[in-house]
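**Student:** What follows is model_19.cif; its format and atoms are mmCIF, C-alpha atoms.
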```cif
data_final
#
loop_
_atom_site.label_atom_id
_atom_site.label_comp_id
_atom_site.auth_asym_id
_atom_site.auth_seq_id
_atom_site.Cartn_x
_atom_site.Cartn_y
_atom_site.Cartn_z
CA MET X 225 38.37 -108.79 -70.09
CA SER X 226 37.44 -105.15 -70.75
CA SER X 227 40.07 -104.00 -68.27
CA THR X 228 42.65 -106.21 -70.02
CA PHE X 229 41.62 -104.56 -73.27
CA ALA X 230 42.08 -101.06 -71.81
CA VAL X 231 45.45 -101.96 -70.28
CA LEU X 232 46.69 -103.40 -73.58
CA VAL X 233 45.60 -100.37 -75.61
CA ALA X 234 47.17 -98.00 -73.09
CA ARG X 235 50.39 -99.98 -73.22
CA ASP X 236 50.56 -100.02 -77.02
CA LEU X 237 49.93 -96.27 -77.16
CA ARG X 238 52.58 -95.65 -74.52
CA LEU X 239 55.10 -97.79 -76.39
CA ALA X 240 54.32 -95.87 -79.59
CA ALA X 241 54.78 -92.57 -77.75
CA ARG X 242 58.23 -93.73 -76.65
CA ARG X 243 59.12 -94.56 -80.26
CA ARG X 244 57.64 -91.56 -82.05
CA ILE X 245 59.75 -91.87 -85.17
CA ASP X 246 58.73 -95.49 -85.70
CA ALA X 247 55.12 -94.65 -84.92
CA ALA X 248 55.12 -91.82 -87.47
CA LEU X 249 56.42 -94.07 -90.26
CA PRO X 250 53.01 -94.97 -91.78
CA LEU X 251 52.02 -91.30 -91.88
CA ALA X 252 55.39 -90.38 -93.40
CA PHE X 253 55.01 -93.10 -96.04
CA PHE X 254 51.49 -91.89 -96.81
CA THR X 255 52.66 -88.28 -97.12
CA VAL X 256 55.54 -89.12 -99.42
CA ALA X 257 53.53 -91.50 -101.61
CA VAL X 258 50.63 -89.06 -102.05
CA SER X 259 52.88 -86.03 -102.62
CA LEU X 260 54.86 -87.77 -105.35
CA PHE X 261 51.84 -88.24 -107.61
CA PRO X 262 51.33 -84.58 -108.62
CA LEU X 263 55.05 -84.44 -109.42
CA GLY X 264 54.94 -87.60 -111.49
CA VAL X 265 51.61 -87.12 -113.23
CA GLY X 266 51.87 -83.42 -113.97
CA PRO X 267 50.10 -80.37 -112.60
CA GLU X 268 46.82 -80.34 -114.60
CA PRO X 269 44.12 -79.68 -111.94
CA GLN X 270 41.47 -81.68 -113.80
CA MET X 271 43.66 -84.77 -113.90
CA LEU X 272 44.70 -84.38 -110.25
CA ARG X 273 41.09 -84.06 -109.11
CA GLN X 274 40.27 -87.22 -110.97
CA ILE X 275 43.04 -89.40 -109.56
CA ALA X 276 43.03 -87.93 -106.02
CA PRO X 277 40.55 -90.35 -104.36
CA GLY X 278 42.29 -93.41 -105.76
CA VAL X 279 45.78 -92.17 -104.93
CA VAL X 280 44.92 -91.24 -101.35
CA TRP X 281 43.10 -94.51 -100.77
CA VAL X 282 45.81 -96.70 -102.28
CA ALA X 283 48.45 -94.91 -100.23
CA ALA X 284 46.36 -95.37 -97.06
CA LEU X 285 45.96 -99.08 -97.81
CA LEU X 286 49.68 -99.55 -98.36
CA ALA X 287 50.55 -97.52 -95.25
CA ALA X 288 48.23 -99.73 -93.19
CA MET X 289 49.75 -102.95 -94.60
CA LEU X 290 53.27 -101.65 -94.08
CA SER X 291 52.67 -100.97 -90.41
CA VAL X 292 50.73 -104.11 -89.58
CA THR X 293 53.45 -106.69 -90.23
CA GLN X 294 55.16 -106.20 -86.86
CA LEU X 295 51.96 -106.03 -84.82
CA TYR X 296 52.56 -109.22 -82.83
CA ALA X 297 56.19 -110.00 -83.65
CA SER X 298 57.91 -108.09 -80.85
CA ASP X 299 55.39 -109.21 -78.24
CA GLN X 300 56.00 -112.77 -79.32
CA SER X 301 59.78 -112.56 -79.29
CA ASP X 302 60.04 -111.05 -75.81
CA GLY X 303 57.45 -113.35 -74.25
CA SER X 304 54.80 -110.67 -73.59
CA LEU X 305 52.34 -112.35 -75.93
CA GLU X 306 52.42 -115.58 -73.90
CA GLN X 307 51.67 -113.66 -70.73
CA MET X 308 48.76 -111.88 -72.41
CA LEU X 309 47.38 -115.19 -73.71
CA LEU X 310 47.30 -116.57 -70.17
CA VAL X 311 44.61 -114.08 -69.17
CA PRO X 312 41.19 -115.79 -69.29
CA GLY X 313 39.39 -114.50 -72.36
CA GLY X 314 42.69 -112.90 -73.28
CA ARG X 315 42.78 -113.81 -76.92
CA ILE X 316 39.81 -111.69 -77.99
CA ALA X 317 40.96 -108.83 -75.75
CA ILE X 318 44.45 -108.90 -77.30
CA VAL X 319 43.10 -109.03 -80.84
CA ALA X 320 40.63 -106.20 -80.23
CA ALA X 321 43.24 -104.09 -78.45
CA LYS X 322 45.76 -104.57 -81.26
CA ALA X 323 43.21 -103.59 -83.91
CA VAL X 324 42.09 -100.51 -81.97
CA SER X 325 45.61 -99.31 -81.17
CA HIS X 326 46.71 -99.91 -84.76
CA TRP X 327 43.81 -97.83 -86.03
CA LEU X 328 44.49 -95.05 -83.50
CA LEU X 329 48.13 -94.97 -84.58
CA THR X 330 47.66 -95.23 -88.37
CA GLY X 331 44.06 -94.99 -89.63
CA LEU X 332 43.06 -92.01 -87.52
CA PRO X 333 46.16 -89.87 -88.29
CA LEU X 334 45.78 -90.66 -92.00
CA ALA X 335 42.13 -89.60 -91.97
CA LEU X 336 42.99 -86.42 -90.08
CA ALA X 337 45.84 -85.59 -92.47
CA ALA X 338 43.71 -86.27 -95.55
CA PRO X 339 42.27 -82.71 -95.90
CA LEU X 340 45.79 -81.40 -96.54
CA PHE X 341 46.17 -83.81 -99.42
CA GLY X 342 42.72 -82.91 -100.63
CA LEU X 343 43.98 -79.33 -101.00
CA LEU X 344 47.13 -80.56 -102.71
CA PHE X 345 44.95 -82.28 -105.33
CA ASP X 346 42.61 -79.30 -105.63
CA LEU X 347 39.55 -81.18 -104.34
CA SER X 348 36.36 -79.26 -103.57
CA PRO X 349 35.43 -78.84 -99.88
CA ALA X 350 32.58 -81.34 -100.28
CA ALA X 351 34.95 -83.91 -101.78
CA ILE X 352 37.42 -83.35 -98.92
CA VAL X 353 34.66 -84.05 -96.40
CA ALA X 354 33.80 -87.22 -98.33
CA LEU X 355 37.47 -88.23 -98.35
CA VAL X 356 37.78 -87.88 -94.57
CA ALA X 357 34.46 -89.63 -93.95
CA SER X 358 35.34 -92.54 -96.24
CA LEU X 359 38.75 -92.90 -94.56
CA LEU X 360 37.17 -92.84 -91.10
CA LEU X 361 34.81 -95.63 -92.14
CA GLY X 362 37.30 -97.58 -94.23
CA THR X 363 40.59 -97.52 -92.33
CA PRO X 364 39.21 -99.55 -89.38
CA VAL X 365 38.46 -102.28 -91.94
CA LEU X 366 42.10 -102.14 -93.05
CA SER X 367 43.30 -102.36 -89.43
CA LEU X 368 41.04 -105.32 -88.67
CA LEU X 369 42.07 -107.22 -91.80
CA GLY X 370 45.75 -106.35 -91.35
CA ASN X 371 45.49 -107.62 -87.80
CA LEU X 372 44.16 -110.92 -89.14
CA GLY X 373 47.06 -111.12 -91.58
CA ALA X 374 49.58 -110.36 -88.84
CA ALA X 375 48.21 -113.16 -86.67
CA LEU X 376 48.08 -115.61 -89.58
CA THR X 377 51.68 -114.96 -90.56
CA LEU X 378 53.07 -114.71 -87.02
CA GLY X 379 56.28 -116.68 -86.70
CA LEU X 380 56.65 -117.31 -90.43
CA ARG X 381 59.90 -116.32 -92.02
CA SER X 382 58.59 -114.45 -95.05
CA GLY X 383 55.51 -113.33 -93.19
CA ALA X 384 55.35 -109.80 -94.58
CA VAL X 385 55.12 -110.92 -98.21
CA LEU X 386 52.54 -113.55 -97.39
CA LEU X 387 50.53 -111.04 -95.36
CA ILE X 388 50.29 -108.68 -98.31
CA LEU X 389 49.32 -111.51 -100.67
CA ILE X 390 46.58 -112.71 -98.32
CA ILE X 391 45.21 -109.43 -97.04
CA VAL X 392 45.38 -106.93 -99.90
CA PRO X 393 42.72 -108.77 -101.95
CA LEU X 394 40.41 -108.67 -98.92
CA CYS X 395 40.91 -104.90 -98.67
CA ILE X 396 39.84 -104.22 -102.24
CA PRO X 397 36.11 -103.68 -101.46
CA ALA X 398 37.03 -100.97 -98.92
CA LEU X 399 39.31 -99.38 -101.51
CA ILE X 400 36.62 -99.39 -104.22
CA PHE X 401 33.84 -97.93 -102.08
CA GLY X 402 36.13 -95.52 -100.25
CA ALA X 403 37.57 -94.01 -103.40
CA GLY X 404 34.15 -94.31 -105.05
CA ALA X 405 32.54 -92.13 -102.37
CA VAL X 406 34.93 -89.27 -103.09
CA ALA X 407 34.61 -89.66 -106.86
CA ALA X 408 30.82 -89.63 -106.55
CA VAL X 409 30.82 -86.38 -104.54
CA ASP X 410 33.31 -84.89 -106.98
CA ALA X 411 30.95 -85.75 -109.84
CA GLY X 412 28.09 -84.07 -108.01
CA GLN X 413 26.30 -87.23 -106.91
CA SER X 414 25.37 -88.46 -103.44
CA ALA X 415 27.89 -90.71 -101.69
CA ARG X 416 25.24 -92.22 -99.41
CA GLY X 417 25.32 -95.63 -101.05
CA HIS X 418 29.09 -95.81 -100.74
CA TYR X 419 28.97 -94.85 -97.06
CA SER X 420 26.32 -97.50 -96.41
CA LEU X 421 28.41 -100.17 -98.07
CA LEU X 422 31.55 -99.06 -96.21
CA GLY X 423 29.60 -99.10 -92.94
CA ALA X 424 28.24 -102.57 -93.69
CA LEU X 425 31.75 -103.72 -94.54
CA LEU X 426 33.03 -102.30 -91.25
CA ILE X 427 30.34 -104.04 -89.19
CA PHE X 428 30.88 -107.32 -91.02
CA THR X 429 34.66 -107.17 -90.54
CA ALA X 430 34.41 -106.04 -86.91
CA LEU X 431 32.17 -109.03 -86.14
CA LEU X 432 34.13 -111.73 -87.94
CA ALA X 433 37.76 -110.66 -88.20
CA PRO X 434 38.50 -110.69 -84.43
CA ILE X 435 37.21 -114.26 -84.13
CA ALA X 436 39.32 -115.39 -87.07
CA THR X 437 42.31 -113.46 -85.72
CA ALA X 438 41.97 -115.06 -82.28
CA ALA X 439 41.90 -118.49 -83.91
CA ALA X 440 44.95 -117.64 -86.01
CA LEU X 441 46.77 -116.44 -82.91
CA ARG X 442 46.03 -119.73 -81.19
CA ILE X 443 47.47 -121.70 -84.10
CA ALA X 444 50.53 -119.45 -84.28
CA THR X 445 51.39 -119.67 -80.60
CA GLU X 446 50.83 -123.35 -79.92
CA MET A 106 60.39 -146.99 -70.40
CA THR A 107 59.77 -145.57 -66.97
CA GLN A 108 56.15 -144.63 -66.62
CA ARG A 109 56.06 -143.18 -63.16
CA SER A 110 59.11 -141.10 -62.76
CA THR A 111 58.78 -139.35 -59.42
CA SER A 112 61.73 -139.88 -57.14
CA GLU A 113 61.42 -142.12 -54.16
CA PRO A 114 61.20 -140.63 -50.67
CA ARG A 115 58.75 -137.78 -51.27
CA ALA A 116 56.86 -139.42 -54.10
CA ALA A 117 54.33 -141.06 -51.82
CA HIS A 118 53.41 -137.75 -50.28
CA ALA A 119 53.33 -135.97 -53.61
CA THR A 120 50.85 -138.38 -55.14
CA ASP A 121 48.55 -138.34 -52.14
CA ASP A 122 45.10 -137.79 -53.63
CA SER A 123 43.72 -135.65 -50.87
CA VAL A 124 46.11 -132.74 -51.28
CA ALA A 125 47.04 -132.85 -54.97
CA VAL A 126 46.51 -129.49 -56.64
CA LEU A 127 47.62 -130.80 -60.01
CA ARG A 128 47.54 -134.32 -61.33
CA VAL A 129 49.31 -135.19 -64.54
CA HIS A 130 48.55 -138.55 -66.04
CA GLU A 131 50.61 -140.17 -68.79
CA LEU A 132 51.30 -136.79 -70.32
CA ALA A 133 53.11 -136.63 -73.64
CA CYS A 134 54.01 -133.49 -75.55
CA ARG A 135 54.94 -133.00 -79.16
CA ARG A 136 57.02 -130.41 -80.86
CA GLY A 137 56.37 -130.66 -84.58
CA ASP A 138 56.24 -134.38 -85.31
CA ARG A 139 58.60 -135.36 -82.53
CA LEU A 140 57.49 -136.82 -79.24
CA LEU A 141 59.54 -135.00 -76.62
CA PHE A 142 59.51 -137.34 -73.64
CA ALA A 143 58.14 -140.66 -72.49
CA PRO A 144 54.62 -140.41 -71.04
CA THR A 145 55.05 -138.91 -67.59
CA SER A 146 52.76 -138.98 -64.59
CA PHE A 147 53.12 -137.01 -61.40
CA ALA A 148 51.05 -135.10 -58.91
CA VAL A 149 51.72 -131.81 -57.20
CA ALA A 150 50.56 -131.49 -53.64
CA SER A 151 49.77 -128.11 -52.15
CA GLY A 152 52.82 -126.81 -50.35
CA SER A 153 55.24 -128.89 -52.41
CA ILE A 154 58.00 -128.04 -54.83
CA VAL A 155 58.31 -130.18 -57.95
CA TRP A 156 61.55 -130.02 -59.88
CA ILE A 157 61.28 -131.09 -63.52
CA ARG A 158 64.59 -132.41 -64.77
CA GLY A 159 65.73 -133.50 -68.17
CA ALA A 160 68.41 -132.97 -70.79
CA ASN A 161 68.42 -129.95 -73.10
CA GLY A 162 65.63 -130.22 -75.64
CA GLN A 163 63.87 -132.84 -73.58
CA GLY A 164 60.71 -130.77 -73.38
CA LYS A 165 60.81 -129.14 -69.94
CA THR A 166 59.63 -125.80 -71.29
CA THR A 167 56.96 -127.45 -73.43
CA LEU A 168 55.78 -129.38 -70.38
CA LEU A 169 55.43 -126.17 -68.37
CA ARG A 170 53.67 -124.38 -71.25
CA THR A 171 51.28 -127.31 -71.50
CA LEU A 172 50.58 -127.17 -67.76
CA ALA A 173 49.96 -123.42 -68.09
CA GLY A 174 47.45 -124.09 -70.88
CA LEU A 175 49.47 -122.45 -73.66
CA ALA A 176 49.85 -125.70 -75.58
CA SER A 177 47.73 -128.82 -75.79
CA PRO A 178 49.12 -132.20 -74.78
CA ALA A 179 49.69 -134.83 -77.45
CA ALA A 180 48.34 -137.47 -75.07
CA GLY A 181 47.44 -137.87 -71.43
CA ALA A 182 45.53 -135.69 -69.01
CA ILE A 183 46.16 -132.66 -66.85
CA ALA A 184 43.79 -131.96 -63.97
CA TRP A 185 44.01 -128.83 -61.85
CA ARG A 186 41.88 -129.01 -58.75
CA ASP A 187 40.38 -126.07 -56.90
CA ALA A 188 43.38 -123.99 -57.78
CA PRO A 189 43.36 -120.44 -59.10
CA ARG A 190 44.93 -120.24 -62.52
CA PRO A 191 48.66 -120.85 -62.36
CA LEU A 192 51.22 -118.10 -62.64
CA TYR A 193 53.57 -119.05 -65.47
CA LEU A 194 56.95 -117.41 -65.61
CA ALA A 195 58.59 -118.26 -68.91
CA HIS A 196 62.24 -118.25 -69.83
CA ALA A 197 61.62 -114.99 -71.73
CA ASN A 198 61.13 -112.13 -69.32
CA ALA A 199 58.13 -110.51 -71.08
CA LEU A 200 59.59 -107.03 -70.57
CA LYS A 201 59.44 -104.19 -73.07
CA GLU A 202 62.63 -102.24 -73.67
CA ASP A 203 60.73 -98.95 -73.83
CA LEU A 204 58.81 -99.28 -70.58
CA THR A 205 60.19 -98.49 -67.18
CA VAL A 206 60.78 -101.18 -64.59
CA ALA A 207 57.75 -100.14 -62.53
CA GLU A 208 55.50 -99.89 -65.61
CA SER A 209 56.55 -103.34 -66.80
CA LEU A 210 55.93 -104.92 -63.43
CA ARG A 211 52.57 -103.21 -63.05
CA PHE A 212 51.54 -104.40 -66.51
CA LEU A 213 52.52 -108.00 -65.79
CA LEU A 214 50.75 -107.93 -62.43
CA HIS A 215 47.65 -106.53 -64.05
CA LEU A 216 47.66 -109.33 -66.64
CA GLY A 217 48.02 -111.71 -63.73
CA GLY A 218 44.72 -110.39 -62.45
CA SER A 219 46.00 -108.87 -59.24
CA ARG A 220 44.92 -105.52 -57.92
CA VAL A 221 48.02 -103.47 -58.43
CA ALA A 222 48.93 -101.15 -55.58
CA THR A 223 51.93 -98.89 -55.98
CA ALA A 224 53.16 -99.93 -52.55
CA ASP A 225 53.16 -103.60 -53.63
CA VAL A 226 55.13 -102.82 -56.76
CA ASP A 227 57.69 -100.84 -54.77
CA ALA A 228 57.97 -103.52 -52.10
CA ALA A 229 58.42 -106.26 -54.70
CA LEU A 230 61.16 -104.31 -56.48
CA ASP A 231 62.81 -103.55 -53.17
CA ARG A 232 62.84 -107.23 -52.36
CA PHE A 233 64.98 -107.81 -55.43
CA GLY A 234 67.15 -104.76 -54.79
CA LEU A 235 65.69 -102.78 -57.70
CA ALA A 236 63.91 -100.02 -55.76
CA SER A 237 66.33 -97.40 -57.04
CA ARG A 238 65.82 -98.51 -60.65
CA ALA A 239 62.01 -98.36 -60.57
CA ASN A 240 61.89 -95.49 -63.08
CA ALA A 241 64.74 -96.73 -65.26
CA PHE A 242 63.95 -98.04 -68.73
CA VAL A 243 64.19 -101.79 -69.12
CA ARG A 244 66.67 -101.32 -71.99
CA THR A 245 69.21 -99.93 -69.50
CA LEU A 246 69.15 -103.08 -67.35
CA SER A 247 71.49 -106.06 -67.47
CA GLN A 248 70.22 -109.60 -68.11
CA GLY A 249 70.30 -110.42 -64.41
CA GLN A 250 68.40 -107.27 -63.50
CA ARG A 251 65.76 -108.03 -66.13
CA ARG A 252 65.35 -111.48 -64.65
CA ARG A 253 64.89 -109.85 -61.25
CA VAL A 254 62.13 -107.59 -62.59
CA ALA A 255 60.32 -110.61 -64.06
CA LEU A 256 60.70 -112.49 -60.78
CA ALA A 257 59.49 -109.53 -58.73
CA ARG A 258 56.00 -110.59 -59.87
CA LEU A 259 56.32 -113.49 -57.46
CA ALA A 260 57.09 -111.15 -54.56
CA ALA A 261 54.06 -108.99 -55.35
CA GLN A 262 51.70 -111.95 -55.58
CA ARG A 263 49.21 -112.10 -52.71
CA GLU A 264 46.99 -114.90 -54.00
CA LEU A 265 48.04 -118.52 -53.49
CA ARG A 266 48.35 -119.37 -57.15
CA PRO A 267 50.40 -122.36 -58.24
CA TRP A 268 53.70 -121.20 -59.71
CA LEU A 269 55.14 -122.62 -62.93
CA LEU A 270 58.71 -121.35 -63.19
CA ASP A 271 60.89 -122.00 -66.23
CA GLU A 272 64.58 -121.77 -65.27
CA PRO A 273 63.93 -119.10 -62.63
CA PHE A 274 67.50 -119.15 -61.32
CA ASP A 275 68.99 -118.39 -64.73
CA ALA A 276 71.11 -115.21 -64.95
CA LEU A 277 70.74 -114.44 -61.24
CA ASP A 278 73.70 -113.70 -58.98
CA THR A 279 74.03 -115.32 -55.54
CA SER A 280 72.01 -112.68 -53.70
CA GLY A 281 69.28 -112.93 -56.32
CA ILE A 282 69.25 -116.70 -55.95
CA ASP A 283 68.87 -116.32 -52.18
CA VAL A 284 65.92 -113.95 -52.53
CA LEU A 285 64.20 -116.23 -55.05
CA ALA A 286 64.81 -119.36 -52.97
CA GLY A 287 63.34 -117.49 -49.97
CA LEU A 288 60.22 -116.58 -51.97
CA ILE A 289 59.76 -120.15 -53.20
CA VAL A 290 60.11 -121.60 -49.69
CA ALA A 291 57.74 -119.00 -48.24
CA HIS A 292 55.18 -119.74 -50.98
CA ALA A 293 55.39 -123.49 -50.31
CA ARG A 294 55.06 -122.99 -46.54
CA ARG A 295 51.90 -120.94 -47.08
CA GLY A 296 50.51 -123.93 -48.96
CA GLY A 297 51.22 -122.80 -52.52
CA SER A 298 52.63 -125.29 -54.97
CA ILE A 299 55.55 -124.78 -57.31
CA VAL A 300 56.63 -126.60 -60.45
CA LEU A 301 59.99 -125.47 -61.74
CA THR A 302 62.84 -126.40 -64.02
CA SER A 303 66.46 -125.70 -63.27
CA HIS A 304 69.81 -126.84 -64.57
CA GLN A 305 71.53 -125.95 -61.31
CA ALA A 306 70.96 -127.87 -58.09
CA LEU A 307 68.13 -126.21 -56.19
CA PRO A 308 69.29 -124.15 -53.21
CA ILE A 309 66.22 -125.32 -51.30
CA ALA A 310 66.27 -127.98 -48.58
CA ASP A 311 63.00 -127.64 -46.73
CA PRO A 312 60.43 -128.46 -48.07
CA ALA A 313 62.51 -130.94 -50.05
CA PRO A 314 61.85 -130.68 -53.79
CA VAL A 315 60.22 -133.67 -55.49
CA THR A 316 62.13 -134.59 -58.62
CA VAL A 317 60.36 -135.54 -61.84
CA GLN A 318 62.79 -136.85 -64.43
CA LEU A 319 61.84 -136.66 -68.11
CA HIS A 320 63.05 -139.60 -70.18
CA GLU A 321 63.65 -140.17 -73.86
CA PRO A 322 60.51 -141.56 -75.51
CA ALA A 323 60.75 -145.26 -76.31
CA PHE A 324 60.31 -144.64 -80.03
CA ALA A 325 60.84 -141.38 -81.80
#
```
What does the file become when written as structure tokens?
**Tutor:**
Amino acid sequence: MSSTFAVLVARDLRLAARRRIDAALPLAFFTVAVSLFPLGVGPEPQMLRQIAPGVVWVAALLAAMLSVTQLYASDQSDGSLEQMLLVPGGRIAIVAAKAVSHWLLTGLPLALAAPLFGLLFDLSPAAIVALVASLLLGTPVLSLLGNLGAALTLGLRSGAVLLILIIVPLCIPALIFGAGAVAAVDAGQSARGHYSLLGALLIFTALLAPIATAAALRIATE
Amino acid sequence: MTQRSTSEPRAAHATDDSVAVLRVHELACRRGDRLLFAPTSFAVASGSIVWIRGANGQGKTTLLRTLAGLASPAAGAIAWRDAPRPLYLAHANALKEDLTVAESLRFLLHLGGSRVATADVDAALDRFGLASRANAFVRTLSQGQRRRVALARLAAQRELRPWLLDEPFDALDTSGIDVLAGLIVAHARRGGSIVLTSHQALPIADPAPVTVQLHEPAFA
């Protein structure tokens, strides 16, 4: 099973490398969405510092949801998904591989690009560190939950809308504690509590979401 | 309603208990609320070729997917005996436009659980006349060539797994059909079993294919 997992991740990354423009779409969306706020809200540094954590986190959440809708669709339409499902223990390996490759392709680049946006919003160095740390802890949660949504809505005609309706509410705790961590550091407090809660959320999601996703995949493909 | 629908001359051999790799008993499949075919029973002996026949929409693909374990039967039983897991080749080719021919084949072979040696991949592609296209992207291939790549899995297969082939002859030209028929016959002679669907008459005489006809269910 672990070798199936590695083969699937390698394949997804290779496919993304062959379609760089498509793969860069979440990051492009994130960049545009975050950059528009200073233009729309006005250039007062105090105001920007205050809204920065929320803006960056909301944009990251939307970028993750945007990119997750097609996670299984192409594999299902060309028959690859069926072949993957035939591997013994394949369902969990597929689900885990999809979540990991989605995070590597969206969550990780967003977290790595976040310091630039921290500068754009005039955040202090400590707040930028908190922003990156909260994104590193929080975006895997978004990938895991988005993965669940993608499996639940696989094969449905208005799947993307349904996915957002189902999954966004589940992402709200990550959003609150992620943005909260940065706001706390910005206000001169410790973000430890926020990190702990984000970490707990990540462990909880990593344990339960793949099982639920595998079950959803079974229902969708039968 | 015909319950046992294997054709006459080879049926006795095919249902012989001692050599049956797969036994299907009163199997019924559903698609949505609709029962697809009348309960069907048949057995697949090792070294035999079973040809599932039926009208369009009669449930041939669903039957094969059920045998492969991708769907659950609505009624009846499926028993595989002492066989490695079947190799299911669906109507869709399971190829990615953005991978090369060799990459796609290696990926599919890996999912199939085989050790993938480069020499095997090359030999399998060569068998289907695709050796020169090994590094071409799948998106540059024609339908027939894509089908050949998908079928090259069969040529690279060392293990004696039962084959479940959904319309394998579709989109192939005459030379492709010859190669595939040769592979199927060779597999059967080694003792492997094959269940396939096809709209065309099978270009295979020995071993003679056993026909299983799917019938309309008695009540819808």
**Student:** I'd like the contact shell of X:Ala350 - 8 Å cut-off, only C-alpha atoms, skipping same-chain residues fewer than 3 positions apart - returned as a CSV table (one decimal) with C-alpha atoms, in the coordinates of the input.
**Tutor:**
```
chain,number,residue,atom,x,y,z
X,353,VAL,CA,34.7,-84.0,-96.4
X,354,ALA,CA,33.8,-87.2,-98.3
X,409,VAL,CA,30.8,-86.4,-104.5
X,410,ASP,CA,33.3,-84.9,-107.0
```
**Student:** I'd like to see the residues matched by the PyMOL selection byres ((chain X) within 8 of (chain A)) on this file, and ideally I'd get them as a ChimeraX atom specification.
**Tutor:** /X:228,231,239,242-243,299,302-311,445-446
**Student:** Neighbouring residues of A:Phe233 were defined as those with any atom within 10 Å, considering only C-alpha atoms; residues of the same chain fewer than 6 positions away were excluded. Please report them as a CSV table (one decimal) with C-alpha atoms, in the frame of the given file.
**Tutor:**
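Final output, around-v1.csv:
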```csv
chain,number,residue,atom,x,y,z
A,250,GLN,CA,68.4,-107.3,-63.5
A,252,ARG,CA,65.4,-111.5,-64.6
A,253,ARG,CA,64.9,-109.8,-61.2
A,254,VAL,CA,62.1,-107.6,-62.6
A,256,LEU,CA,60.7,-112.5,-60.8
A,257,ALA,CA,59.5,-109.5,-58.7
A,260,ALA,CA,57.1,-111.2,-54.6
A,280,SER,CA,72.0,-112.7,-53.7
A,281,GLY,CA,69.3,-112.9,-56.3
A,282,ILE,CA,69.2,-116.7,-56.0
A,283,ASP,CA,68.9,-116.3,-52.2
A,284,VAL,CA,65.9,-114.0,-52.5
A,285,LEU,CA,64.2,-116.2,-55.0
```
**Student:** Please enumerate the residues selected by the PyMOL selection byres ((chain A and resi 184) around 8) when evaluated against the supplied file, formatted as a ChimeraX atom specification.
**Tutor:** /A:127-129,182-183,185-186
**Student:** For the residues in that selection, give me C-alpha atoms as a PDB file, keeping the file's coordinate frame.
**Tutor:**
```
ATOM      1  CA  LEU A 127      47.620-130.800 -60.010  1.00  0.00           C
ATOM      2  CA  ARG A 128      47.540-134.320 -61.330  1.00  0.00           C
ATOM      3  CA  VAL A 129      49.310-135.190 -64.540  1.00  0.00           C
ATOM      4  CA  ALA A 182      45.530-135.690 -69.010  1.00  0.00           C
ATOM      5  CA  ILE A 183      46.160-132.660 -66.850  1.00  0.00           C
ATOM      6  CA  TRP A 185      44.010-128.830 -61.850  1.00  0.00           C
ATOM      7  CA  ARG A 186      41.880-129.010 -58.750  1.00  0.00           C
TER       8      ARG A 186
END
```
**Student:** Expressed in Å to a single decimal, how great is the separation between atom CA of A:Asn161 and atom CA of A:Thr316?
**Tutor:**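 It comes out at 16.5 Å.
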**Student:** Taking the file as I've supplied it (selection: the PyMOL selection byres ((chain X and resi 433) around 12)), which residues are included? Please answer as a ChimeraX atom specification.
**Tutor:** /X:316,319-320,323,364-376,391,394,425-432,434-441
**Student:** May I ask which of the residues X:Leu399, X:Asp246, X:Leu334, X:Leu380 is the closest one to X:Leu422, counting all atoms listed in the file?
**Tutor:**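 That would be X:Leu399, the residue with the smallest distance to X:Leu422.
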**Student:** What separation in Å, quoted to one decimal, exists between atom CA of X:Leu329 and atom CA of X:Leu237?
**Tutor:**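 Result for atom CA of X:Leu329 versus atom CA of X:Leu237: 7.7 Å, one decimal.
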**Student:** Hey, can you pull every residue with an atom no more than 6 Å from (48.7, -95.4, -91.8), using only C-alpha atoms, and send it as a count of residues only?
**Tutor:** 8
**Student:** Name the residues in contact with X:Ala351 at a cut-off of 10 Å, using all atoms listed in the file, excluding same-chain residues fewer than 4 positions from it; report them as a list in words.
**Tutor:** Arg273, Ala276, Pro277, Pro339, Gly342, Asp346, Leu347, Leu355, Val356, Ala357, Ala405, Val406, Ala407, Ala408, Val409, Asp410, Ala411, Gly412 and Ala415 of chain X
**Student:** Return the single residue from A:Gly297, A:Pro273, A:Gly152, A:Pro322 that is closest to A:Arg135, with distances computed using all atoms listed in the file.
**Tutor:** A:Pro322
**Student:** Excluding same-chain residues fewer than 4 positions from X:Phe254, what lies within 12 Å of it counting only C-alpha atoms, as a count of residues only?
**Tutor:** 29
**Student:** Smallest atom-to-atom distance to X:His418: which of X:Ser358, X:Ser325, X:Thr293, X:Ser301, using all atoms listed in the file?
**Tutor:** X:Ser358
**Student:** What residues have an atom no more than 7 Å from (68.6, -120.1, -48.7) in the file's own frame, counting all atoms listed in the file, and can you write them as a list in words?
**Tutor:** Asp283, Ala286, Gly287, Pro308 and Ile309 of chain A
**Student:** Tell me, in Å to one decimal, how far atom CA of A:Asp271 is from atom CA of A:Ile157.
**Tutor:**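 Separation between atom CA of A:Asp271 and atom CA of A:Ile157: 9.5 Å.
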